[in-house]
Amino acid sequence: MAETLIERASETENRAAVVILLGPPGAGKGTQARRLEEAFGLVQLSTGDLLRAAVSQGTDAGKRAKAVMDAGGLVSDDIVLAILEDRLAQPDVIKGVILDGFPRTEAQADALDAMLAARGQKVNAAVSLDVDDAAMVERISGRYTCGGCGEGYHDSFKQPAKAGVCDNCGGTEMKRRADDNAETVGERLRAYHAQTAPLIAFYKGRGCLSSVDAMAAIDEVETDLQQIIRDAIGAT
């Protein structure tokens with residue numbers, strides 16, 4: 001049956017692009033995804049947002065996910081894929097999607113490939129946002145924001161003109177995220193590399209992996225990413 005679906009789908013290729021961004025927390029995936037949305041009309045989809053929306057809307061897959069979560073369990077891959085497939089059928093993603101946070105394992109990547117093939121789609125590009133771990137620890141652990149307006153600052157790279165006073169609103173309450181410390185950031189980076197290394201090899205084997213230097217300036221990263229996506233989906 002699956003082969004029949006795949007063969008049938010391949011007869012009418014679905015042109016909606018599928019882009020996967022791979023990168024640890026702090027690599028800039030969110031920022032770059034928003035820029036790619038604007039440049040190519042793609043829609044960023046995160047697993048968490050998909051689950052919350054499906055549960056809120058009461059879809060069949062959403063009801064299954066809610067039952068699992070209410071019982072304190074982890075939502076299975078097949079439920080996540082069902083929710084993603086429902087989302088891909090909606091009209092606002094006609095140009096394509098950027099997947100953030102899924103897949104996380106090789107098994108999920110295989111299942112995603114099969115689901116997309118049945119729809120006449122494929123992963124057009126998987127892009128690894130490469131970082132220097134030591135620099136990332138410094139970048140993230142030094143962050144803080146103004147509690148009043150949210151303006152961002154950094155211990156090394158961006159101090160307010162007057163210590164303790166926000167340049168933007170004059171507020172004096174500065175906040176740091178509890179998990180933005182060197183130990184926690186280091187743990188998150190180690191976990192990312194352990195979990196994602198197989199995916200990098202997986203998509204390299206599929207011939208759709210590209211890499212960008214995520215330690216470069218934001219605009220430079222954007223330029224490199226846009227060229228990769230343009231080449232992958234044939235956009236002009």
# chains A, B, ... in the order shown; residues from 1 in each chain; ligands from 1
$ closest_atom_pairs --of "region 198-219 of chain A" --to "region 105-119 of chain A" --cutoff "12 Å" --atoms "only C-alpha atoms" --output "JSON lines"
{"residue": "A:Pro198", "atom": "CA", "partner": "A:Glu106", "partner_atom": "CA", "distance": 6.5}
{"residue": "A:Leu199", "atom": "CA", "partner": "A:Glu106", "partner_atom": "CA", "distance": 5.8}
{"residue": "A:Ile200", "atom": "CA", "partner": "A:Glu106", "partner_atom": "CA", "distance": 9.5}
{"residue": "A:Ala201", "atom": "CA", "partner": "A:Glu106", "partner_atom": "CA", "distance": 9.4}
{"residue": "A:Phe202", "atom": "CA", "partner": "A:Glu106", "partner_atom": "CA", "distance": 6.9}
{"residue": "A:Tyr203", "atom": "CA", "partner": "A:Ala109", "partner_atom": "CA", "distance": 8.8}
{"residue": "A:Gly205", "atom": "CA", "partner": "A:Glu106", "partner_atom": "CA", "distance": 11.8}
{"residue": "A:Arg206", "atom": "CA", "partner": "A:Asp113", "partner_atom": "CA", "distance": 10.4}
$ residues_around --residues "Arg177 (chain A)" --least-positions-apart "3" --cutoff "10 Å" --atoms "only C-alpha atoms" --output "list in words"
Ile140, Ser141, Arg143, Tyr144, Thr145, Asp180 and Asn181 of chain A
$ write_last_selection --atoms "C-alpha atoms" --output "tab-separated table (two decimals), in the first residue's frame"
chain	number	residue	atom	x	y	z
A	140	ILE	CA	25.19	32.73	25.42
A	141	SER	CA	26.41	32.84	29.02
A	143	ARG	CA	23.63	37.55	27.57
A	144	TYR	CA	21.23	39.68	29.57
A	145	THR	CA	18.26	41.92	28.81
A	180	ASP	CA	22.24	31.03	30.34
A	181	ASN	CA	25.31	29.96	32.28
$ select_by_dssp --residues "region 2-210 of chain A" --states "helix (DSSP H, G or I)" --output "count of residues only"
105
$ closest_residue --among "A:Leu74, A:Val131, A:Ala197, A:Ala232" --to "Ala17 (chain A)" --atoms "only C-alpha atoms"
A:Ala232
$ atom_distance --atom1 "CA of Gln44 (chain A)" --atom2 "CA of Gly234 (chain A)"
19.1 Å
$ closest_residue --among "A:Ala54, A:Leu209, A:Ala61, A:Val43" --to "Leu22 (chain A)" --atoms "only C-alpha atoms"
A:Leu209
$ atom_distance --atom1 "CA of Thr223 (chain A)" --atom2 "CA of Ser128 (chain A)"
14.6 Å
$ closest_residue --among "A:Val68, A:Cys149, A:Ala16, A:Ile228" --to "Gln121 (chain A)" --atoms "only C-alpha atoms"
A:Ala16
$ decode --residues "region 106-122 of chain A" --atoms "N, CA, C and O atoms" --output "mmCIF file, in the first residue's frame"
data_model
loop_
_atom_site.group_PDB
_atom_site.id
_atom_site.type_symbol
_atom_site.label_atom_id
_atom_site.label_comp_id
_atom_site.auth_asym_id
_atom_site.auth_seq_id
_atom_site.Cartn_x
_atom_site.Cartn_y
_atom_site.Cartn_z
ATOM 1 N N GLU A 106 17.779 9.564 13.610
ATOM 2 C CA GLU A 106 17.816 8.966 12.272
ATOM 3 C C GLU A 106 16.503 8.247 11.961
ATOM 4 O O GLU A 106 16.027 8.274 10.822
ATOM 5 N N ALA A 107 15.909 7.617 12.989
ATOM 6 C CA ALA A 107 14.626 6.936 12.784
ATOM 7 C C ALA A 107 13.544 7.941 12.387
ATOM 8 O O ALA A 107 12.722 7.670 11.502
ATOM 9 N N GLN A 108 13.534 9.098 13.036
ATOM 10 C CA GLN A 108 12.569 10.142 12.679
ATOM 11 C C GLN A 108 12.821 10.649 11.272
ATOM 12 O O GLN A 108 11.878 10.925 10.520
ATOM 13 N N ALA A 109 14.087 10.778 10.892
ATOM 14 C CA ALA A 109 14.423 11.253 9.551
ATOM 15 C C ALA A 109 13.950 10.266 8.493
ATOM 16 O O ALA A 109 13.432 10.660 7.444
ATOM 17 N N ASP A 110 14.122 8.972 8.755
ATOM 18 C CA ASP A 110 13.622 7.953 7.834
ATOM 19 C C ASP A 110 12.105 8.024 7.697
ATOM 20 O O ASP A 110 11.563 7.957 6.588
ATOM 21 N N ALA A 111 11.408 8.163 8.835
ATOM 22 C CA ALA A 111 9.947 8.228 8.820
ATOM 23 C C ALA A 111 9.470 9.486 8.107
ATOM 24 O O ALA A 111 8.475 9.458 7.366
ATOM 25 N N LEU A 112 10.192 10.586 8.308
ATOM 26 C CA LEU A 112 9.842 11.835 7.625
ATOM 27 C C LEU A 112 9.993 11.678 6.120
ATOM 28 O O LEU A 112 9.120 12.103 5.343
ATOM 29 N N ASP A 113 11.081 11.057 5.673
ATOM 30 C CA ASP A 113 11.291 10.822 4.245
ATOM 31 C C ASP A 113 10.132 10.032 3.637
ATOM 32 O O ASP A 113 9.650 10.346 2.538
ATOM 33 N N ALA A 114 9.701 8.990 4.344
ATOM 34 C CA ALA A 114 8.620 8.146 3.832
ATOM 35 C C ALA A 114 7.317 8.922 3.740
ATOM 36 O O ALA A 114 6.576 8.813 2.752
ATOM 37 N N MET A 115 7.030 9.723 4.763
ATOM 38 C CA MET A 115 5.793 10.509 4.759
ATOM 39 C C MET A 115 5.807 11.538 3.631
ATOM 40 O O MET A 115 4.819 11.717 2.914
ATOM 41 N N LEU A 116 6.941 12.204 3.458
ATOM 42 C CA LEU A 116 7.047 13.206 2.397
ATOM 43 C C LEU A 116 6.947 12.560 1.015
ATOM 44 O O LEU A 116 6.284 13.095 0.114
ATOM 45 N N ALA A 117 7.574 11.397 0.845
ATOM 46 C CA ALA A 117 7.521 10.708 -0.447
ATOM 47 C C ALA A 117 6.087 10.370 -0.823
ATOM 48 O O ALA A 117 5.692 10.474 -1.989
ATOM 49 N N ALA A 118 5.295 9.984 0.169
ATOM 50 C CA ALA A 118 3.900 9.663 -0.092
ATOM 51 C C ALA A 118 3.107 10.885 -0.525
ATOM 52 O O ALA A 118 2.059 10.762 -1.167
ATOM 53 N N ARG A 119 3.621 12.069 -0.217
ATOM 54 C CA ARG A 119 2.976 13.326 -0.596
ATOM 55 C C ARG A 119 3.601 13.921 -1.863
ATOM 56 O O ARG A 119 3.221 15.002 -2.288
ATOM 57 N N GLY A 120 4.598 13.240 -2.419
ATOM 58 C CA GLY A 120 5.287 13.776 -3.581
ATOM 59 C C GLY A 120 6.276 14.858 -3.224
ATOM 60 O O GLY A 120 6.647 15.682 -4.066
ATOM 61 N N GLN A 121 6.740 14.857 -1.961
ATOM 62 C CA GLN A 121 7.704 15.850 -1.502
ATOM 63 C C GLN A 121 8.996 15.176 -1.073
ATOM 64 O O GLN A 121 9.089 13.939 -1.019
ATOM 65 N N LYS A 122 9.979 16.003 -0.731
ATOM 66 C CA LYS A 122 11.253 15.510 -0.220
ATOM 67 C C LYS A 122 11.898 16.621 0.584
ATOM 68 O O LYS A 122 11.447 17.778 0.553
#
